[in-house]
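I have placed the structure first, in the form of structure tokens, so that the comments after it can refer back to it.
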There are 2 protein chains.
Amino acid sequence: MSVTGRELRSRIDEDGRLTLSLEQVETGDPGPDELLVRIEAAPVNPSDLGLLLGPADLATMRPLGEGRTGLVLDVPPGRMGAVKPRLGQSLPVGNEGAGTVVAAGANAAGLVGRRVGMIGGAMFADYRRIKARDVIPLPDGASAADGAAMFVNPLTALGFVETARMEGHRAIVHTAAASNLGQMLQRICTADGVPLVNIVRSPEQAALLRDLGATHVLNSRAPDFTARLTDAIAQTGATIAFDAIGGGTLGGDILAAMERAAVRGMTEYSRYGSDTFKQLYVYGALDLAPLTLNRLAFGFRWSVSGWLLFPFLQRAGAEVAARLRARVAAELTTTFASRYSRTIGLADALDPDTLRAYERKATGEKVLIDPTLG
Amino acid sequence: MSVTGRELRSRIDEDGRLTLSLEQVETGDPGPDELLVRIEAAPVNPSDLGLLLGPADLATMRPLGEGRTGLVLDVPPGRMGAVKPRLGQSLPVGNEGAGTVVAAGANAAGLVGRRVGMIGGAMFADYRRIKARDVIPLPDGASAADGAAMFVNPLTALGFVETARMEGHRAIVHTAAASNLGQMLQRICTADGVPLVNIVRSPEQAALLRDLGATHVLNSRAPDFTARLTDAIAQTGATIAFDAIGGGTLGGDILAAMERAAVRGMTEYSRYGSDTFKQLYVYGALDLAPLTLNRLAFGFRWSVSGWLLFPFLQRAGAEVAARLRARVAAELTTTFASRYSRTIGLADALDPDTLRAYERKATGEKVLIDPTLG
């Protein structure tokens, strides 16, 4: 069985035009180990936006014209270098999703009719042909919305805690902490007894995390933020931070606070700073500005690194990955519950106002695409 | 035997004044495992300047007054936070040096009369009492100047090559590459067959390295620098860089060039960038400005970390450290030869013009202190 359906595509051409469109594509027959899934829910993650919108300037957004459904945006010339490898390619979008299996190859026939969560890209579409090993059947009674985001955020949040353990850190600092991911991280840390210092940008976000049982919640816009951050780090012993923002000075400010907390315990001055090793992992790019590190404030015992889910899973090994996936499935509607502020159809995903809302990336604004809505 | 001699001291007080002075101090008798060494040569390394001048503003330099030998400088209020742990302490300066053993404890009596290289601080002084294990006897015929810098630069240069090997990198990028350290690194890499990409700031520095046999020497001020850097990285496969500058955009530019070189070999676009892990180690602070990382240009597979000699030696272990020290002793006047543009007395070290020359930190300007000159 092969079906035809819509697929959201993003393409950047040599002339700097980024085109978003819905293309009609045929899925092709599932192979022996493959499934054909009708997609019923796919979250718009910040990690999808990098592919969807690239480094385009949203102020230039305009209809595709010529009666076709779609949008065009301009990429500023100075940012074209970074997207050179994708020029001219019509790229499908959407890391993960969930839906119902409508057909299957011989080796996966038992899954027909089951609802599954999936990872692998091209989820902003009506249908997805996919290898059976890249899906997880949902527990009975779980909706497609429940299973739509069971990979990226849950495994990332678990991955932070595993990384901290593997590298010998006692406590964690997290930015943009009121996100769905941040809420999962707080629930995991509460359950596992790992001290967590949450950094948010508003009193509302702080209240949301406190309702989940968070002990340390700091508003980075508060006048006493720096002093309170240093205190929270000194109390918890946090020496690792995960940063979703990636631009500006906050990441460096966290390292500086860790250094101040470490220096409090020192009896002898060293011009190289404390002996305490401080690790900042950048896992997102909510701020596209350069990352500015005032490293004089944190000595020489530090590292700032990119953090990505798939390299982490590779490094952790198959056994750890299987353990984490099993935990996600077991705690799908508790620890790993996601909330969405809106559910929209696939065509609505190309609505200019919706795209501007994505781009604001405001915590609490989280969109779920349900292609069956239109 | 205890003697009295001069010792250069740096002190920052609560009011933001940094005072440089020569103090008369008594060495005390050497213990059973200790030596008393008359210092005859001590290099002024960039790593000494952080302690000597702190974050003071050189434009404010003035005599100490009241008939005392010394200088006063002001530390800008915004930089006082970083030096809080040293406030009010009169700190001796000078990481390493060489001289003649004039007295020794019972267990080290055989070293009296020998010339030794030393590490351990407080070397800008007439005398140093030191543990015998912190010295290396110089080969016959080696001068104090030959042995004055046998620890920091040689072990750092060897440490770069060891670090690259330990972490699985094939080739190295080095900035401020015409320094004494950079010349040693080129000689080591030539001998060991490790490709090295040198970054300098002038044609004269480039010529100096080419005379040593360097293949890849790039002037960061040349208009085609970025393109040539990408080519050199693509040719050598360099994925690790050691950066003495530490501020501004050069470090990030190197990571971006590594990413461009990696992307050249990719057949499929990934919004997370290449799979190639890129490591930048910051080991110096020639530029005190913040480090600015335009990380959109290098994906998520990267790390920027501080690199310090002593943590490296600890991590590498006693066996590696002993092997490196033996190589330094064996190749002291060849691979690890240092050149000095001037030799000055201890009192001259407090001359304002000399201090301004330190602060310029221009490659090729390297000062040796010989306290026996006055």
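Letters A, B, ... mark the chains of the structure tokens in the order given; residue numbers begin at 1 per chain; ligand numbers begin at 1, in order shown.
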
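Taking only C-alpha atoms, the non-local environment of B:Arg295 within 10 Å (same-chain residues fewer than 6 positions away omitted) comprises Gly246, Gly247, Val282, Ala285, Leu288, Ala289, Pro290, Leu291 and Gly306 of chain A; Gly252, Asp253, Leu255, Ala256 and Trp302 of chain B.
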
Chain B residues near chain A (6 Å cut-off, only C-alpha atoms) as a compact mmCIF listing (two decimals) with C-alpha atoms, in the first residue's frame:
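Result went into selection08.txt, see below:
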```txt
# COMPACT_ATOMS: atom_id res chain seq x y z
CA LEU B 51 50.00 37.85 38.84
CA ALA B 82 38.15 38.89 39.77
CA PRO B 85 40.82 36.36 46.70
CA ARG B 86 44.24 38.07 46.55
CA TYR B 269 22.92 18.45 4.94
CA ARG B 271 21.10 21.47 10.52
CA PRO B 290 35.66 38.52 26.12
CA LEU B 291 35.87 35.47 23.90
CA THR B 292 33.17 35.83 21.25
CA LEU B 293 31.93 32.61 19.69
CA ASN B 294 29.71 32.85 16.64
CA ALA B 297 29.14 28.83 12.14
CA PHE B 300 27.01 21.50 17.84
CA ARG B 301 30.07 19.22 17.79
CA TRP B 302 32.58 21.47 19.52
CA SER B 303 34.17 22.31 22.82
CA VAL B 304 36.04 25.38 24.03
CA SER B 305 38.01 24.78 27.21
CA GLY B 306 40.70 26.24 29.39
```

* Structure fact -> Restricting to only C-alpha atoms, whichever of A:Gly78, A:Gly265, A:Pro32, A:Gly147 is closest to A:Ala98 is A:Gly147

* Structure fact -> Taken to one decimal, the atom CA of B:Arg115-atom CA of B:Leu138 distance is 5.8 Å

* Please provide as number ranges by chain all residues within 12 Å of A:Pro63, with the sequence filter that same-chain residues fewer than 3 positions apart are discarded (counting only C-alpha atoms). => A: 18-21, 60, 66-73, 350-352

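Residues of stretch 267-341 of chain A that DSSP places in strand (DSSP E), based on the backbone of this structure, are Lys278, Gln279, Leu280, Tyr281, Val282, Leu291, Thr292, Leu293, Trp302, Ser303, Val304, Ser305 and Gly306 of chain A.
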
* Asked: Neighbours of B:Glu204 within 10 Å (only C-alpha atoms; same-chain residues fewer than 6 positions away dropped), as a PyMOL selection string?
  -> chain B and resi 178+210+219

Mind writing the picked residues with all heavy atoms as a compact mmCIF listing (two decimals), in the first residue's frame?
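Listing of result_12.txt after writing:
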```txt
# COMPACT_ATOMS: atom_id res chain seq x y z
N ALA B 178 54.56 32.38 16.78
CA ALA B 178 55.98 32.69 16.66
C ALA B 178 56.64 32.89 18.02
O ALA B 178 57.83 33.18 18.10
CB ALA B 178 56.17 33.95 15.80
N ARG B 210 58.93 29.73 9.15
CA ARG B 210 59.33 29.00 7.93
C ARG B 210 60.79 28.60 8.01
O ARG B 210 61.16 27.52 7.57
CB ARG B 210 59.07 29.86 6.69
CG ARG B 210 57.60 29.93 6.35
CD ARG B 210 57.30 29.87 4.86
NE ARG B 210 55.85 30.01 4.73
CZ ARG B 210 55.21 31.17 4.84
NH1 ARG B 210 55.89 32.30 5.05
NH2 ARG B 210 53.90 31.21 4.75
N ASN B 219 49.17 34.38 8.17
CA ASN B 219 49.12 35.69 8.81
C ASN B 219 47.65 36.08 8.99
O ASN B 219 46.93 36.27 8.01
CB ASN B 219 49.87 36.69 7.94
CG ASN B 219 49.84 38.08 8.54
OD1 ASN B 219 49.16 38.34 9.52
ND2 ASN B 219 50.61 38.97 7.94
```

* **Within 9 Å of A:Phe124 using only C-alpha atoms, minus same-chain residues under 2 positions, as a list in words** => Arg6, Glu7, Leu8, Arg9, Ile39, Ala41, Ala42, Pro43, Val44, Pro92, Val93, Gly94, Asn95, Glu96, Gly97, Gly121, Ala122, Asp126, Tyr127, Leu346, Ala349, Ile369, Asp370 and Pro371 of chain A

* What is the atom CA of A:Val200 to atom CA of A:Phe160 distance in Å? -> 17.7 Å

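The gap separating atom CA of B:Leu208 from atom CA of B:Leu155 is 21.7 Å, in Å to one decimal.
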
* Backbone-only DSSP, helix (DSSP H, G or I) members of stretch 127-346 of chain A, as a ChimeraX atom specification -> /A:132-134,144-147,152-166,180-192,203-211,225-236,250-264,295-297,309-316,318-330
